[in-house]
>>> print(open('upload-v3.txt').read())   # compact mmCIF, C-alpha atoms
# COMPACT_ATOMS: atom_id res chain seq x y z
CA VAL Y 263 29.19 27.92 -53.68
CA ILE Y 264 32.00 29.26 -55.88
CA ASP Y 265 34.11 26.79 -57.90
CA LYS Y 266 32.88 23.94 -55.65
CA ILE Y 267 34.00 25.81 -52.54
CA GLU Y 268 31.31 26.46 -49.93
CA ILE Y 269 31.22 30.09 -48.78
CA LYS Y 270 29.68 30.92 -45.39
CA ARG Y 271 28.68 34.52 -44.75
CA PHE Y 272 27.63 36.00 -41.42
CA GLN Y 273 25.38 38.91 -40.57
CA TYR Y 274 26.96 41.43 -38.23
CA PHE Y 275 24.42 44.25 -38.15
CA TYR Y 276 20.66 44.68 -38.23
CA PRO Y 277 18.86 45.46 -40.40
CA TYR Y 278 20.91 43.83 -43.14
CA LYS Y 279 20.70 46.81 -45.49
CA LEU Y 280 22.70 48.92 -43.00
CA GLN Y 281 25.73 46.61 -43.19
CA LYS Y 282 28.31 48.90 -44.79
CA LEU Y 283 31.60 47.97 -43.09
CA ALA Y 284 32.79 45.06 -45.24
CA TYR Y 285 34.41 44.73 -47.67
CA ALA Y 286 37.48 47.06 -47.75
CA ILE Y 287 37.05 47.84 -44.06
CA ILE Y 288 39.81 50.44 -43.65
CA PRO Y 289 38.76 52.57 -46.69
CA ASN Y 290 35.12 52.31 -45.59
CA LEU Y 291 36.00 53.54 -42.09
CA LYS Y 292 37.96 56.47 -43.52
CA LYS Y 293 35.07 57.36 -45.79
CA ASN Y 294 32.43 57.09 -43.05
CA PRO Y 295 33.74 57.23 -39.44
CA LEU Y 296 30.24 56.36 -38.15
CA LEU Y 297 30.95 52.79 -39.28
CA PHE Y 298 33.29 52.42 -36.28
CA PHE Y 299 30.06 51.69 -34.41
CA GLN Y 300 29.66 48.50 -36.48
CA LEU Y 301 33.25 47.32 -35.92
CA PRO Y 302 32.74 45.54 -32.55
CA PHE Y 303 29.60 43.84 -33.91
CA PHE Y 304 31.54 42.70 -36.97
CA ASN Y 305 34.37 41.22 -34.92
CA LEU Y 306 32.04 39.53 -32.41
CA SER Y 307 29.82 38.06 -35.13
CA PHE Y 308 32.91 36.86 -37.02
CA LEU Y 309 34.23 35.12 -33.89
CA ILE Y 310 30.92 33.50 -32.90
CA SER Y 311 30.22 32.32 -36.47
CA THR Y 312 33.70 30.80 -36.74
CA ILE Y 313 33.43 29.02 -33.38
CA ASN Y 314 30.03 27.59 -34.38
CA LEU Y 315 31.45 26.35 -37.69
CA VAL Y 316 34.40 24.70 -35.94
CA LYS Y 317 32.03 22.96 -33.50
CA LYS Y 318 29.84 21.62 -36.33
CA ASN Y 319 32.66 20.49 -38.62
CA LYS Y 320 35.74 18.35 -38.14
CA PHE Y 321 38.22 20.75 -39.64
CA ASP Y 322 41.86 19.75 -39.92
CA VAL Y 323 43.26 23.20 -40.64
CA ILE Y 324 42.22 26.82 -40.25
CA ASN Y 325 43.93 29.10 -42.77
CA SER Y 326 43.36 32.71 -41.72
CA GLN Y 327 43.75 35.34 -44.42
CA TRP Y 328 45.02 38.65 -42.97
CA LEU Y 329 46.11 39.23 -39.37
CA LEU Y 330 43.13 41.37 -38.39
CA PRO Y 331 40.62 40.26 -37.44
CA SER Y 332 40.92 36.81 -39.09
CA GLY Y 333 44.30 35.92 -37.62
CA VAL Y 334 43.20 36.76 -34.09
CA ILE Y 335 39.99 34.75 -34.51
CA GLY Y 336 41.91 31.80 -35.95
CA ALA Y 337 44.34 32.00 -33.03
CA ILE Y 338 41.44 31.95 -30.54
CA CYS Y 339 40.02 28.84 -32.24
CA LYS Y 340 43.45 27.22 -32.11
CA LYS Y 341 43.57 27.88 -28.37
CA LEU Y 342 40.02 26.61 -27.81
CA PHE Y 343 39.99 23.54 -30.07
CA ASN Y 344 43.69 22.75 -30.65
CA LEU Y 345 43.30 22.86 -34.44
CA LYS Y 346 46.18 23.43 -36.82
CA HIS Y 347 46.22 27.15 -37.52
CA ILE Y 348 48.08 28.77 -40.43
CA ILE Y 349 47.95 32.49 -41.14
CA THR Y 350 48.57 34.08 -44.52
CA THR Y 351 49.44 37.77 -44.22
CA HIS Y 352 49.36 40.17 -47.17
CA GLY Y 353 51.57 43.06 -46.07
CA GLY Y 354 49.02 45.82 -45.59
CA ASP Y 355 47.62 44.08 -42.51
CA ILE Y 356 51.00 44.34 -40.77
CA GLU Y 357 51.05 48.07 -41.50
CA THR Y 358 47.58 48.29 -39.90
CA LEU Y 359 48.64 46.22 -36.88
CA ASN Y 360 51.59 48.58 -36.34
CA LYS Y 361 49.14 51.44 -35.72
CA ILE Y 362 47.34 49.66 -32.86
CA PRO Y 363 48.47 50.44 -29.27
CA ILE Y 364 48.42 46.77 -28.22
CA LYS Y 365 50.18 45.63 -31.40
CA ARG Y 366 52.89 43.62 -29.59
CA PHE Y 367 50.35 41.76 -27.45
CA ILE Y 368 48.33 40.84 -30.56
CA ALA Y 369 51.43 39.79 -32.54
CA ASN Y 370 52.70 37.56 -29.75
CA PHE Y 371 49.26 36.04 -29.15
CA ILE Y 372 48.98 35.19 -32.86
CA LEU Y 373 52.47 33.68 -32.90
CA LYS Y 374 51.82 31.54 -29.84
CA ASN Y 375 48.57 30.21 -31.31
CA SER Y 376 49.70 29.50 -34.87
CA ASP Y 377 51.56 26.60 -36.44
CA ASN Y 378 52.86 28.71 -39.32
CA ILE Y 379 52.73 32.34 -40.40
CA ILE Y 380 53.06 32.81 -44.15
CA PHE Y 381 54.39 36.13 -45.44
CA VAL Y 382 54.22 37.32 -49.04
CA SER Y 383 57.62 39.02 -48.80
CA SER Y 384 60.80 39.18 -46.74
CA TYR Y 385 59.96 42.78 -45.85
CA SER Y 386 56.62 41.75 -44.27
CA ARG Y 387 58.37 39.00 -42.33
CA LYS Y 388 60.93 41.45 -40.94
CA LEU Y 389 58.22 43.96 -40.01
CA PHE Y 390 56.24 41.37 -38.06
CA ARG Y 391 59.34 39.91 -36.42
CA ASN Y 392 60.11 43.30 -34.90
CA LEU Y 393 56.82 43.07 -32.97
CA ILE Y 394 57.75 39.74 -31.39
CA ARG Y 395 59.36 39.65 -27.96
CA ILE Y 396 63.02 38.70 -28.15
CA ARG Y 397 62.55 35.49 -26.16
CA PHE Y 398 59.93 34.28 -28.67
CA ARG Y 399 61.88 35.12 -31.86
CA GLU Y 400 63.46 31.69 -32.13
CA ASP Y 401 59.95 30.21 -32.21
CA PHE Y 402 58.97 32.83 -34.79
CA ASP Y 403 61.89 31.87 -37.04
CA LYS Y 404 60.70 28.25 -37.02
CA LYS Y 405 57.12 29.14 -37.85
CA ALA Y 406 57.65 31.98 -40.36
CA LEU Y 407 57.55 31.15 -44.07
CA ILE Y 408 57.75 33.34 -47.17
CA LEU Y 409 55.31 32.31 -49.88
CA PRO Y 410 53.70 34.86 -52.23
CA MET Y 411 50.29 34.64 -53.84
CA GLY Y 412 50.14 32.82 -57.16
CA ILE Y 413 48.90 33.38 -60.69
CA ASN Y 414 47.47 31.10 -63.36
CA ILE Y 415 49.78 31.84 -66.28
CA LYS Y 416 47.65 30.05 -68.90
CA LYS Y 417 44.51 31.98 -67.96
CA LEU Y 418 46.31 35.32 -68.20
CA GLN Y 419 46.89 35.16 -71.94
CA SER Y 420 44.62 37.13 -74.30
CA ASN Y 421 43.60 35.28 -77.47
CA LEU Y 422 43.63 38.47 -79.56
CA ASN Y 423 46.54 40.15 -81.31
CA ARG Y 424 47.40 43.76 -80.54
CA ASP Y 425 45.88 45.18 -83.75
CA LYS Y 426 42.59 43.45 -83.03
CA ILE Y 427 42.58 44.75 -79.45
CA LYS Y 428 43.21 48.31 -80.65
CA LYS Y 429 40.33 48.04 -83.10
CA ILE Y 430 37.87 46.61 -80.55
CA TYR Y 431 38.62 49.28 -77.94
CA ASN Y 432 39.11 52.11 -80.44
CA ILE Y 433 42.70 52.77 -79.39
CA ASN Y 434 44.90 54.72 -81.81
CA SER Y 435 48.12 55.19 -79.86
CA ASN Y 436 51.12 52.99 -80.58
CA LYS Y 437 52.62 53.40 -77.12
CA ASN Y 438 50.50 52.49 -74.09
CA LEU Y 439 51.00 52.53 -70.33
CA LEU Y 440 48.91 50.60 -67.83
CA PHE Y 441 48.06 51.11 -64.15
CA ILE Y 442 45.98 48.52 -62.27
CA GLY Y 443 44.90 49.08 -58.70
CA ARG Y 444 42.57 50.68 -56.22
CA LEU Y 445 42.44 54.45 -56.54
CA GLU Y 446 43.78 55.41 -53.13
CA GLU Y 447 46.78 57.34 -51.86
CA ARG Y 448 49.01 54.36 -51.14
CA LYS Y 449 48.89 53.19 -54.77
CA GLY Y 450 50.79 56.28 -55.93
CA LEU Y 451 48.86 56.95 -59.16
CA THR Y 452 49.18 60.69 -58.47
CA TYR Y 453 52.89 60.54 -59.28
CA LEU Y 454 52.35 58.65 -62.52
CA ILE Y 455 49.83 61.28 -63.64
CA GLU Y 456 52.30 64.04 -62.76
CA ALA Y 457 54.93 62.26 -64.89
CA MET Y 458 52.75 62.28 -68.01
CA PRO Y 459 53.44 65.85 -69.31
CA LYS Y 460 57.18 65.14 -69.53
CA ILE Y 461 56.53 61.80 -71.24
CA LEU Y 462 54.19 63.45 -73.77
CA GLU Y 463 56.93 65.92 -74.71
CA ASN Y 464 58.78 62.93 -76.16
CA PHE Y 465 56.13 60.40 -77.22
CA ASN Y 466 52.42 60.21 -77.92
CA VAL Y 467 51.35 57.87 -75.12
CA ASN Y 468 48.07 56.71 -73.62
CA LEU Y 469 47.75 55.72 -69.96
CA PHE Y 470 44.94 53.29 -69.12
CA VAL Y 471 43.84 53.26 -65.49
CA LEU Y 472 42.04 50.10 -64.36
CA GLY Y 473 40.46 50.45 -60.94
CA ASP Y 474 38.18 52.51 -58.75
CA GLY Y 475 38.34 53.99 -55.29
CA PRO Y 476 37.98 57.01 -52.99
CA LEU Y 477 40.68 59.08 -54.75
CA LYS Y 478 39.03 58.95 -58.17
CA ASN Y 479 37.49 62.45 -58.20
CA LYS Y 480 40.71 64.03 -56.95
CA LEU Y 481 42.71 62.22 -59.64
CA LEU Y 482 40.25 63.23 -62.37
CA SER Y 483 40.57 66.83 -61.22
CA LYS Y 484 44.38 66.60 -61.49
CA VAL Y 485 44.07 65.17 -65.01
CA ARG Y 486 41.87 68.09 -66.06
CA LYS Y 487 44.20 70.60 -64.42
CA LEU Y 488 47.15 69.19 -66.39
CA ASN Y 489 45.01 68.98 -69.56
CA LEU Y 490 45.65 65.26 -69.95
CA GLN Y 491 42.08 64.11 -70.69
CA ASN Y 492 43.01 62.87 -74.16
CA ASN Y 493 45.88 60.74 -72.90
CA ILE Y 494 44.66 59.26 -69.60
CA LYS Y 495 41.66 56.93 -69.71
CA PHE Y 496 39.92 55.90 -66.47
CA LEU Y 497 38.21 52.58 -67.24
CA GLY Y 498 36.97 51.68 -63.77
CA HIS Y 499 37.17 48.23 -62.21
CA THR Y 500 38.15 45.99 -65.12
CA TYR Y 501 38.34 42.20 -65.14
CA GLY Y 502 38.01 39.15 -67.39
CA ASN Y 503 38.91 39.30 -71.09
CA ARG Y 504 38.97 43.10 -71.15
CA LYS Y 505 41.67 43.19 -68.49
CA LEU Y 506 43.67 40.51 -70.32
CA ASP Y 507 43.36 42.42 -73.60
CA LEU Y 508 44.65 45.65 -72.07
CA LEU Y 509 47.49 43.80 -70.35
CA LYS Y 510 48.53 42.42 -73.72
CA LEU Y 511 48.22 45.80 -75.42
CA ALA Y 512 50.25 47.73 -72.84
CA ASP Y 513 53.94 48.27 -73.45
CA ILE Y 514 54.76 49.16 -69.84
CA LEU Y 515 53.01 48.32 -66.57
CA VAL Y 516 53.66 50.98 -63.94
CA ILE Y 517 53.32 50.18 -60.22
CA PRO Y 518 54.09 53.45 -58.36
CA SER Y 519 52.87 52.23 -54.95
CA LEU Y 520 53.90 53.80 -51.64
CA ILE Y 521 52.85 50.79 -49.53
CA GLU Y 522 52.45 47.20 -50.74
CA GLY Y 523 52.86 43.60 -49.73
CA LEU Y 524 53.53 41.78 -52.96
CA PRO Y 525 50.90 42.97 -55.46
CA VAL Y 526 49.29 40.29 -57.62
CA THR Y 527 49.22 42.90 -60.40
CA LEU Y 528 53.01 42.68 -60.47
CA LEU Y 529 52.88 38.91 -60.97
CA GLU Y 530 50.23 39.32 -63.69
CA GLY Y 531 52.54 41.75 -65.44
CA LEU Y 532 55.35 39.20 -65.37
CA ALA Y 533 53.11 36.48 -66.81
CA THR Y 534 51.98 38.72 -69.67
CA LYS Y 535 55.56 39.68 -70.63
CA LYS Y 536 55.27 43.32 -69.60
CA CYS Y 537 58.07 45.77 -69.09
CA ILE Y 538 57.52 46.74 -65.46
CA ILE Y 539 58.43 49.93 -63.64
CA ALA Y 540 57.77 49.60 -59.91
CA THR Y 541 58.75 51.30 -56.68
CA ASN Y 542 61.57 49.74 -54.71
CA ILE Y 543 59.50 49.07 -51.59
CA THR Y 544 58.43 46.20 -49.32
CA GLY Y 545 58.03 42.92 -51.25
CA ILE Y 546 58.54 44.23 -54.79
CA PRO Y 547 62.36 43.83 -54.85
CA ASP Y 548 61.88 40.17 -53.85
CA VAL Y 549 60.59 39.70 -57.40
CA ILE Y 550 61.95 42.54 -59.54
CA LYS Y 551 65.68 42.77 -60.07
CA ASN Y 552 66.62 46.17 -61.49
CA ASN Y 553 67.41 46.13 -65.23
CA HIS Y 554 66.88 42.36 -65.35
CA ASN Y 555 63.12 41.79 -65.32
CA GLY Y 556 61.99 45.34 -64.56
CA ILE Y 557 62.98 48.80 -63.40
CA LEU Y 558 62.98 49.78 -59.72
CA ILE Y 559 62.44 53.42 -58.74
CA LYS Y 560 62.06 55.41 -55.53
CA PRO Y 561 58.48 56.18 -54.41
CA LYS Y 562 56.96 59.64 -54.93
CA ARG Y 563 59.37 60.47 -57.76
CA ASN Y 564 57.40 61.49 -60.84
CA ASN Y 565 60.67 62.54 -62.50
CA GLU Y 566 62.05 58.99 -62.15
CA ILE Y 567 58.86 57.56 -63.63
CA SER Y 568 58.99 59.84 -66.68
CA ARG Y 569 62.75 59.40 -67.22
CA ASN Y 570 62.55 55.59 -67.14
CA ILE Y 571 59.48 55.40 -69.38
CA ILE Y 572 61.12 57.66 -71.95
CA ASN Y 573 64.33 55.63 -71.75
CA LEU Y 574 62.47 52.37 -72.32
CA PHE Y 575 60.63 53.69 -75.37
CA LYS Y 576 63.97 54.84 -76.76
CA ASN Y 577 65.55 51.40 -76.18
CA PRO Y 578 63.54 48.58 -77.82
CA LYS Y 579 66.31 46.06 -77.08
CA LEU Y 580 66.11 46.80 -73.36
CA MET Y 581 62.31 46.49 -73.46
CA LYS Y 582 62.59 43.11 -75.16
CA LYS Y 583 65.13 41.90 -72.60
CA LEU Y 584 62.95 42.97 -69.65
CA SER Y 585 59.87 41.44 -71.29
CA ASN Y 586 61.53 38.06 -71.85
CA ASN Y 587 62.95 37.93 -68.35
CA SER Y 588 59.57 38.92 -66.90
CA TYR Y 589 57.94 35.87 -68.38
CA LYS Y 590 60.73 33.56 -67.22
CA THR Y 591 60.35 34.92 -63.67
CA SER Y 592 56.57 34.42 -63.69
CA LYS Y 593 56.84 30.63 -63.87
CA LYS Y 594 58.11 30.58 -60.30
CA TYR Y 595 54.79 32.07 -59.19
CA ASP Y 596 52.41 29.84 -61.14
CA TRP Y 597 49.63 28.53 -58.90
CA LYS Y 598 50.77 24.98 -59.58
CA ASN Y 599 54.02 25.66 -57.76
CA ILE Y 600 52.48 27.82 -55.03
CA SER Y 601 49.64 25.38 -54.33
CA ASN Y 602 52.06 22.47 -54.05
CA LYS Y 603 53.95 24.38 -51.39
CA TYR Y 604 50.70 25.16 -49.53
CA ASN Y 605 49.81 21.49 -49.71
CA LEU Y 606 53.10 20.56 -48.04
CA ILE Y 607 52.47 23.12 -45.28
CA PHE Y 608 48.92 21.91 -44.62
CA ASN Y 609 50.00 18.28 -44.45
CA LYS Y 610 53.18 18.80 -42.45
>>> encode(input="upload-v3.txt", output="structure tokens")
Amino acid sequence: VIDKIEIKRFQYFYPYKLQKLAYAIIPNLKKNPLLFFQLPFFNLSFLISTINLVKKNKFDVINSQWLLPSGVIGAICKKLFNLKHIITTHGGDIETLNKIPIKRFIANFILKNSDNIIFVSSYSRKLFRNLIRIRFREDFDKKALILPMGINIKKLQSNLNRDKIKKIYNINSNKNLLFIGRLEERKGLTYLIEAMPKILENFNVNLFVLGDGPLKNKLLSKVRKLNLQNNIKFLGHTYGNRKLDLLKLADILVIPSLIEGLPVTLLEGLATKKCIIATNITGIPDVIKNNHNGILIKPKRNNEISRNIINLFKNPKLMKKLSNNSYKTSKKYDWKNISNKYNLIFNK
């Protein structure tokens, strides 16, 4: 039980200690292809466990998170038990679906057996719509909704001032950059690291990297090759007060992603009054308006990253403007507003 919510887990492989597929299924499969053997057992156990739960409980709504496999399983339960079925997609799952040979069959099956499909961005909605047969697109347009994930603005505020934070974490630099995310190719951290030498020609800057993942060793090697060990700090998976402190300390939050839905990190940056530099991809431009509440750049352009960071540090008035507008934008995404909209959907 977490926060009064009952969590049911299912076993999908025996013995239990050999279960290695979940969580982060796609990265785990890339890391160890032998885990493909567990995939059918995972999906079958997921389906059987869900059906048994539906039989034992009088559920009003199934809310599937992600299209695969949850959305398919929710759609099957809708077909079997005629329950209200709502899917929340997160962007990356549509990219995964697009790689499957029977992607159109799956997309149309999900549409037919769902009451609503919630997308975190207009880009994700468009991507999924392209998979739907033309004769079903009118039905899709009725069922499709755009509703991003939310943030709790009050809980994202650090209680410490910047000087205190610097003292606690032994940070001496006056200008600080922040990256938060899984260390994998699609997050684009490589290009931020490659931008650092040019930035350091102009300012003494520290980059704090919060996150872990399969690309860590390769990224560390790049940092050593560029002799940036003193300016780039890998802090691993960071959460709680430490994450809030570093969010408050950072001057600029950089999101150099190559593929995204609508990253929660972006919304957290807004709520903590950060200047944000982010790639102009997928759902990000739904939130960030260039030179209003952030800076939009093209992906894979380390020169754009360095140029915009240098420009921001040279223009305190612009930084203040972006920071103030960031916070104003964040209120739209507070969980109070998002949850009210979910409530309306569930009770429709």
>>> residues_around(input="upload-v3.txt", residues="stretch 557-567 of chain Y", least_positions_apart="2", cutoff="8 Å", atoms="only C-alpha atoms", output="PDB file with C-alpha atoms, keeping the file's coordinate frame")
ATOM      1  CA  GLY Y 450      50.790  56.280 -55.930  1.00  0.00           C
ATOM      2  CA  TYR Y 453      52.890  60.540 -59.280  1.00  0.00           C
ATOM      3  CA  LEU Y 454      52.350  58.650 -62.520  1.00  0.00           C
ATOM      4  CA  GLU Y 456      52.300  64.040 -62.760  1.00  0.00           C
ATOM      5  CA  ALA Y 457      54.930  62.260 -64.890  1.00  0.00           C
ATOM      6  CA  PRO Y 518      54.090  53.450 -58.360  1.00  0.00           C
ATOM      7  CA  SER Y 519      52.870  52.230 -54.950  1.00  0.00           C
ATOM      8  CA  LEU Y 520      53.900  53.800 -51.640  1.00  0.00           C
ATOM      9  CA  ILE Y 538      57.520  46.740 -65.460  1.00  0.00           C
ATOM     10  CA  ILE Y 539      58.430  49.930 -63.640  1.00  0.00           C
ATOM     11  CA  ALA Y 540      57.770  49.600 -59.910  1.00  0.00           C
ATOM     12  CA  THR Y 541      58.750  51.300 -56.680  1.00  0.00           C
ATOM     13  CA  ASN Y 542      61.570  49.740 -54.710  1.00  0.00           C
ATOM     14  CA  ILE Y 543      59.500  49.070 -51.590  1.00  0.00           C
ATOM     15  CA  PRO Y 547      62.360  43.830 -54.850  1.00  0.00           C
ATOM     16  CA  ILE Y 550      61.950  42.540 -59.540  1.00  0.00           C
ATOM     17  CA  LYS Y 551      65.680  42.770 -60.070  1.00  0.00           C
ATOM     18  CA  ASN Y 552      66.620  46.170 -61.490  1.00  0.00           C
ATOM     19  CA  ASN Y 553      67.410  46.130 -65.230  1.00  0.00           C
ATOM     20  CA  HIS Y 554      66.880  42.360 -65.350  1.00  0.00           C
ATOM     21  CA  ASN Y 555      63.120  41.790 -65.320  1.00  0.00           C
ATOM     22  CA  ARG Y 569      62.750  59.400 -67.220  1.00  0.00           C
ATOM     23  CA  ASN Y 570      62.550  55.590 -67.140  1.00  0.00           C
ATOM     24  CA  ILE Y 571      59.480  55.400 -69.380  1.00  0.00           C
TER      25      ILE Y 571
END
>>> residues_around(input="upload-v3.txt", residues="Y:Val526", least_positions_apart="5", cutoff="12 Å", atoms="only C-alpha atoms", output="list in words")
His352, Val382, Pro410, Met411, Gly412, Ile413, Asn414, Ile442, Gly443, Ile517, Gly531, Leu532, Ala533, Gly545, Ile546, Val549, Ser592, Tyr595, Asp596 and Trp597 of chain Y
>>> closest_residue(input="upload-v3.txt", among="Y:Leu389, Y:Ile368, Y:Ile494, Y:Ile338", to="Y:Gly353", atoms="all atoms listed in the file")
Y:Leu389
>>> closest_residue(input="upload-v3.txt", among="Y:Glu522, Y:Glu463, Y:Asp265, Y:Asp507", to="Y:Glu447", atoms="only C-alpha atoms")
Y:Glu522
>>> atom_distance(input="upload-v3.txt", atom1="atom CA of Y:Ile521", atom2="atom CA of Y:Asn360")
13.4 Å
>>> closest_residue(input="upload-v3.txt", among="Y:Pro459, Y:His499, Y:Ser420, Y:Thr351", to="Y:Arg387", atoms="all atoms listed in the file")
Y:Thr351
>>> closest_atom_pairs(input="upload-v3.txt", of="stretch 537-605 of chain Y", to="stretch 509-513 of chain Y", cutoff="12 Å", atoms="all atoms listed in the file", output="tab-separated table")
residue	atom	partner	partner_atom	distance
Y:Cys537	CA	Y:Asp513	CA	6.5
Y:Ile538	CA	Y:Asp513	CA	8.9
Y:Ile539	CA	Y:Asp513	CA	10.9
Y:Ile571	CA	Y:Asp513	CA	9.9
Y:Ile572	CA	Y:Asp513	CA	11.9
Y:Leu574	CA	Y:Asp513	CA	9.5
Y:Phe575	CA	Y:Asp513	CA	8.8
Y:Pro578	CA	Y:Asp513	CA	10.6
Y:Met581	CA	Y:Asp513	CA	8.6
Y:Lys582	CA	Y:Asp513	CA	10.2
Y:Leu584	CA	Y:Asp513	CA	11.1
Y:Ser585	CA	Y:Asp513	CA	9.3
>>> closest_residue(input="upload-v3.txt", among="Y:Val467, Y:Ser326, Y:Ser386, Y:Ile313", to="Y:Asn436", atoms="all atoms listed in the file")
Y:Val467
>>> residues_around(input="upload-v3.txt", residues="Y:Gly498", least_positions_apart="6", cutoff="10 Å", atoms="all atoms listed in the file", output="list in words")
Ile442, Gly443, Arg444, Leu445, Phe470, Val471, Leu472, Gly473, Asp474, Gly475 and Lys478 of chain Y
>>> build_atoms(input="upload-v3.txt", residues="stretch 321-327 of chain Y", atoms="all heavy atoms", output="compact mmCIF listing (two decimals), in the coordinates of the input")
# COMPACT_ATOMS: atom_id res chain seq x y z
N PHE Y 321 37.18 20.13 -38.84
CA PHE Y 321 38.22 20.75 -39.64
C PHE Y 321 39.59 20.24 -39.23
O PHE Y 321 39.85 19.97 -38.06
CB PHE Y 321 38.20 22.28 -39.48
CG PHE Y 321 36.96 22.94 -40.03
CD1 PHE Y 321 36.21 23.79 -39.24
CD2 PHE Y 321 36.56 22.72 -41.33
CE1 PHE Y 321 35.07 24.42 -39.73
CE2 PHE Y 321 35.43 23.33 -41.85
CZ PHE Y 321 34.69 24.18 -41.04
N ASP Y 322 40.47 20.12 -40.20
CA ASP Y 322 41.86 19.75 -39.92
C ASP Y 322 42.74 20.99 -39.79
O ASP Y 322 43.69 21.01 -39.00
CB ASP Y 322 42.42 18.86 -41.04
CG ASP Y 322 41.64 17.56 -41.18
OD1 ASP Y 322 41.59 16.82 -40.20
OD2 ASP Y 322 41.06 17.33 -42.26
N VAL Y 323 42.41 22.00 -40.59
CA VAL Y 323 43.26 23.20 -40.64
C VAL Y 323 42.38 24.45 -40.74
O VAL Y 323 41.36 24.44 -41.44
CB VAL Y 323 44.20 23.17 -41.88
CG1 VAL Y 323 45.09 24.41 -41.91
CG2 VAL Y 323 45.05 21.91 -41.90
N ILE Y 324 42.78 25.48 -40.02
CA ILE Y 324 42.22 26.82 -40.25
C ILE Y 324 43.31 27.64 -40.93
O ILE Y 324 44.42 27.75 -40.42
CB ILE Y 324 41.81 27.51 -38.94
CG1 ILE Y 324 40.65 26.78 -38.28
CG2 ILE Y 324 41.41 28.97 -39.20
CD1 ILE Y 324 40.22 27.37 -36.96
N ASN Y 325 42.99 28.21 -42.08
CA ASN Y 325 43.93 29.10 -42.77
C ASN Y 325 43.34 30.51 -42.75
O ASN Y 325 42.43 30.82 -43.49
CB ASN Y 325 44.17 28.64 -44.21
CG ASN Y 325 45.13 29.53 -44.98
OD1 ASN Y 325 45.06 29.63 -46.19
ND2 ASN Y 325 46.05 30.19 -44.29
N SER Y 326 43.85 31.34 -41.86
CA SER Y 326 43.36 32.71 -41.72
C SER Y 326 44.04 33.60 -42.75
O SER Y 326 45.26 33.59 -42.88
CB SER Y 326 43.66 33.25 -40.32
OG SER Y 326 43.07 32.44 -39.33
N GLN Y 327 43.22 34.36 -43.47
CA GLN Y 327 43.75 35.34 -44.42
C GLN Y 327 43.70 36.71 -43.75
O GLN Y 327 42.64 37.16 -43.34
CB GLN Y 327 42.90 35.34 -45.70
CG GLN Y 327 42.90 34.01 -46.43
CD GLN Y 327 44.24 33.70 -47.09
OE1 GLN Y 327 44.89 34.58 -47.65
NE2 GLN Y 327 44.64 32.44 -47.03
